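Listing of structure34.pdb; format and content: PDB, C-alpha atoms.
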ATOM      1  CA  MET A  22      43.711  82.785  86.615  1.00  0.00           C
ATOM      2  CA  LYS A  23      43.026  86.115  88.326  1.00  0.00           C
ATOM      3  CA  SER A  24      43.258  86.414  92.135  1.00  0.00           C
ATOM      4  CA  THR A  25      40.478  88.272  93.937  1.00  0.00           C
ATOM      5  CA  GLY A  26      42.401  88.543  97.204  1.00  0.00           C
ATOM      6  CA  ILE A  27      39.380  87.089  99.022  1.00  0.00           C
ATOM      7  CA  VAL A  28      39.945  84.149 101.385  1.00  0.00           C
ATOM      8  CA  ARG A  29      37.116  82.146 102.971  1.00  0.00           C
ATOM      9  CA  LYS A  30      37.214  79.230 105.418  1.00  0.00           C
ATOM     10  CA  MET A  31      35.252  76.043 104.869  1.00  0.00           C
ATOM     11  CA  ASP A  32      32.789  75.076 107.628  1.00  0.00           C
ATOM     12  CA  GLU A  33      32.338  71.637 109.214  1.00  0.00           C
ATOM     13  CA  LEU A  34      29.923  70.578 106.444  1.00  0.00           C
ATOM     14  CA  GLY A  35      32.321  71.492 103.618  1.00  0.00           C
ATOM     15  CA  ARG A  36      30.561  74.762 102.715  1.00  0.00           C
ATOM     16  CA  ILE A  37      32.056  78.095 101.758  1.00  0.00           C
ATOM     17  CA  VAL A  38      30.303  81.407 101.160  1.00  0.00           C
ATOM     18  CA  LEU A  39      30.774  83.163  97.830  1.00  0.00           C
ATOM     19  CA  PRO A  40      31.138  86.890  98.522  1.00  0.00           C
ATOM     20  CA  MET A  41      28.276  89.121  97.365  1.00  0.00           C
ATOM     21  CA  GLU A  42      30.599  91.023  95.001  1.00  0.00           C
ATOM     22  CA  ILE A  43      31.441  87.814  93.124  1.00  0.00           C
ATOM     23  CA  ARG A  44      27.797  86.656  93.070  1.00  0.00           C
ATOM     24  CA  ASN A  45      26.749  90.024  91.643  1.00  0.00           C
ATOM     25  CA  THR A  46      29.563  90.062  89.066  1.00  0.00           C
ATOM     26  CA  PHE A  47      28.520  86.638  87.733  1.00  0.00           C
ATOM     27  CA  ASP A  48      24.760  87.166  88.223  1.00  0.00           C
ATOM     28  CA  ILE A  49      24.509  84.210  90.620  1.00  0.00           C
ATOM     29  CA  LYS A  50      21.210  84.222  92.481  1.00  0.00           C
ATOM     30  CA  THR A  51      19.935  82.093  95.374  1.00  0.00           C
ATOM     31  CA  LYS A  52      19.166  78.541  94.184  1.00  0.00           C
ATOM     32  CA  ASP A  53      21.175  78.958  90.924  1.00  0.00           C
ATOM     33  CA  ALA A  54      23.051  75.795  89.965  1.00  0.00           C
ATOM     34  CA  LEU A  55      26.854  75.846  89.774  1.00  0.00           C
ATOM     35  CA  GLU A  56      28.980  73.319  87.894  1.00  0.00           C
ATOM     36  CA  ILE A  57      32.127  72.046  89.590  1.00  0.00           C
ATOM     37  CA  PHE A  58      35.222  71.255  87.521  1.00  0.00           C
ATOM     38  CA  VAL A  59      38.681  70.076  88.509  1.00  0.00           C
ATOM     39  CA  GLU A  60      41.726  71.044  86.469  1.00  0.00           C
ATOM     40  CA  ASN A  61      45.138  70.014  87.774  1.00  0.00           C
ATOM     41  CA  ASP A  62      45.163  71.336  91.356  1.00  0.00           C
ATOM     42  CA  CYS A  63      42.307  73.848  90.835  1.00  0.00           C
ATOM     43  CA  ILE A  64      38.604  73.643  91.672  1.00  0.00           C
ATOM     44  CA  ILE A  65      36.546  75.698  89.229  1.00  0.00           C
ATOM     45  CA  LEU A  66      32.962  76.840  89.812  1.00  0.00           C
ATOM     46  CA  ARG A  67      30.867  77.988  86.871  1.00  0.00           C
ATOM     47  CA  LYS A  68      27.238  79.042  86.691  1.00  0.00           C
ATOM     48  CA  TYR A  69      25.405  76.127  85.107  1.00  0.00           C
ATOM     49  CA  GLN A  70      23.912  76.748  81.679  1.00  0.00           C
ATOM     50  CA  PRO A  71      22.220  73.765  80.046  1.00  0.00           C
ATOM     51  CA  ALA A  72      23.816  73.184  76.645  1.00  0.00           C
ATOM     52  CA  CYS A  73      23.291  71.226  73.430  1.00  0.00           C
ATOM     53  CA  VAL A  74      24.476  67.631  73.853  1.00  0.00           C
ATOM     54  CA  PHE A  75      26.201  67.765  70.441  1.00  0.00           C
ATOM     55  CA  CYS A  76      27.969  71.122  70.213  1.00  0.00           C
ATOM     56  CA  GLY A  77      27.687  72.729  73.663  1.00  0.00           C
ATOM     57  CA  GLU A  78      25.691  75.754  72.466  1.00  0.00           C
ATOM     58  CA  THR A  79      23.709  77.343  75.317  1.00  0.00           C
ATOM     59  CA  ASN A  80      21.326  79.456  73.225  1.00  0.00           C
ATOM     60  CA  ASP A  81      18.342  78.440  71.115  1.00  0.00           C
ATOM     61  CA  ASN A  82      17.988  74.933  72.608  1.00  0.00           C
ATOM     62  CA  VAL A  83      14.935  72.679  72.535  1.00  0.00           C
ATOM     63  CA  ILE A  84      14.269  69.580  74.625  1.00  0.00           C
ATOM     64  CA  PHE A  85      14.350  66.258  72.738  1.00  0.00           C
ATOM     65  CA  GLY A  86      13.516  63.401  75.087  1.00  0.00           C
ATOM     66  CA  ASP A  87      15.435  64.486  78.159  1.00  0.00           C
ATOM     67  CA  LYS A  88      18.307  66.098  76.223  1.00  0.00           C
ATOM     68  CA  ARG A  89      18.896  69.639  74.961  1.00  0.00           C
ATOM     69  CA  VAL A  90      19.639  70.085  71.261  1.00  0.00           C
ATOM     70  CA  CYS A  91      20.254  73.430  69.540  1.00  0.00           C
ATOM     71  CA  LYS A  92      18.408  74.374  66.360  1.00  0.00           C
ATOM     72  CA  ALA A  93      21.631  74.326  64.305  1.00  0.00           C
ATOM     73  CA  CYS A  94      22.305  70.685  65.268  1.00  0.00           C
ATOM     74  CA  ILE A  95      18.670  69.763  64.546  1.00  0.00           C
ATOM     75  CA  LYS A  96      19.149  71.236  61.054  1.00  0.00           C
ATOM     76  CA  LYS A  97      22.370  69.264  60.564  1.00  0.00           C
ATOM     77  CA  LEU A  98      20.636  66.062  61.672  1.00  0.00           C
ATOM     78  CA  ASN A  99      17.737  66.698  59.279  1.00  0.00           C
ATOM     79  CA  ASP A 100      20.153  67.459  56.407  1.00  0.00           C
ATOM     80  CA  ALA A 101      22.009  64.185  57.049  1.00  0.00           C
ATOM     81  CA  LYS A 102      18.907  62.123  56.169  1.00  0.00           C
TER      82      LYS A 102
END

Let me see the file written as structure tokens.
Amino acid sequence: MKSTGIVRKMDELGRIVLPMEIRNTFDIKTKDALEIFVENDCIILRKYQPACVFCGETNDNVIFGDKRVCKACIKKLNDAK
């Protein structure tokens, strides 16, 4: 993990502000969704990218029901018939 040297305090409502430099680096815009992960004693934020429910691919997805499925997995499912 790489340190940025930036320290922010949490407010009374549990909020912190991500510095503009970090938002610009990761192309995070107002209203963008962020995923929250916990690993050991670390909290990890990642820009949310909807992914295929089978393989995790974030490109070339289509909606099936209320799930995202990539075209490669659709082909595999069709070939399995």

So what does the PyMOL selection byres ((chain A and resi 58-72) around 8) actually pick up in this one, as a PyMOL selection string? chain A and resi 47+49+53-57+73-74+76-80+82+89-91

Spell out the residues picked by the PyMOL selection byres ((chain A and resi 27) around 12) here, as a count of residues only. 14

Can you pull out the residues contacting Lys92 (chain A)? Cut-off 9 Å, using all atoms listed in the file, and skip same-chain residues under 3 positions away; I want them as a PyMOL selection string. chain A and resi 81-83+95-97

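Of note, CA of Phe75 (chain A) and CA of Leu98 (chain A) are spaced 10.5 Å apart.
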
Quick one: axis-aligned box around all listed atoms of region 58-67 of chain A, 3 Å on every side, centre and edge lengths in Å to one decimal, written as JSON.
{"center_x": 38.0, "center_y": 74.0, "center_z": 89.1, "size_x": 20.3, "size_y": 14.0, "size_z": 11.2}
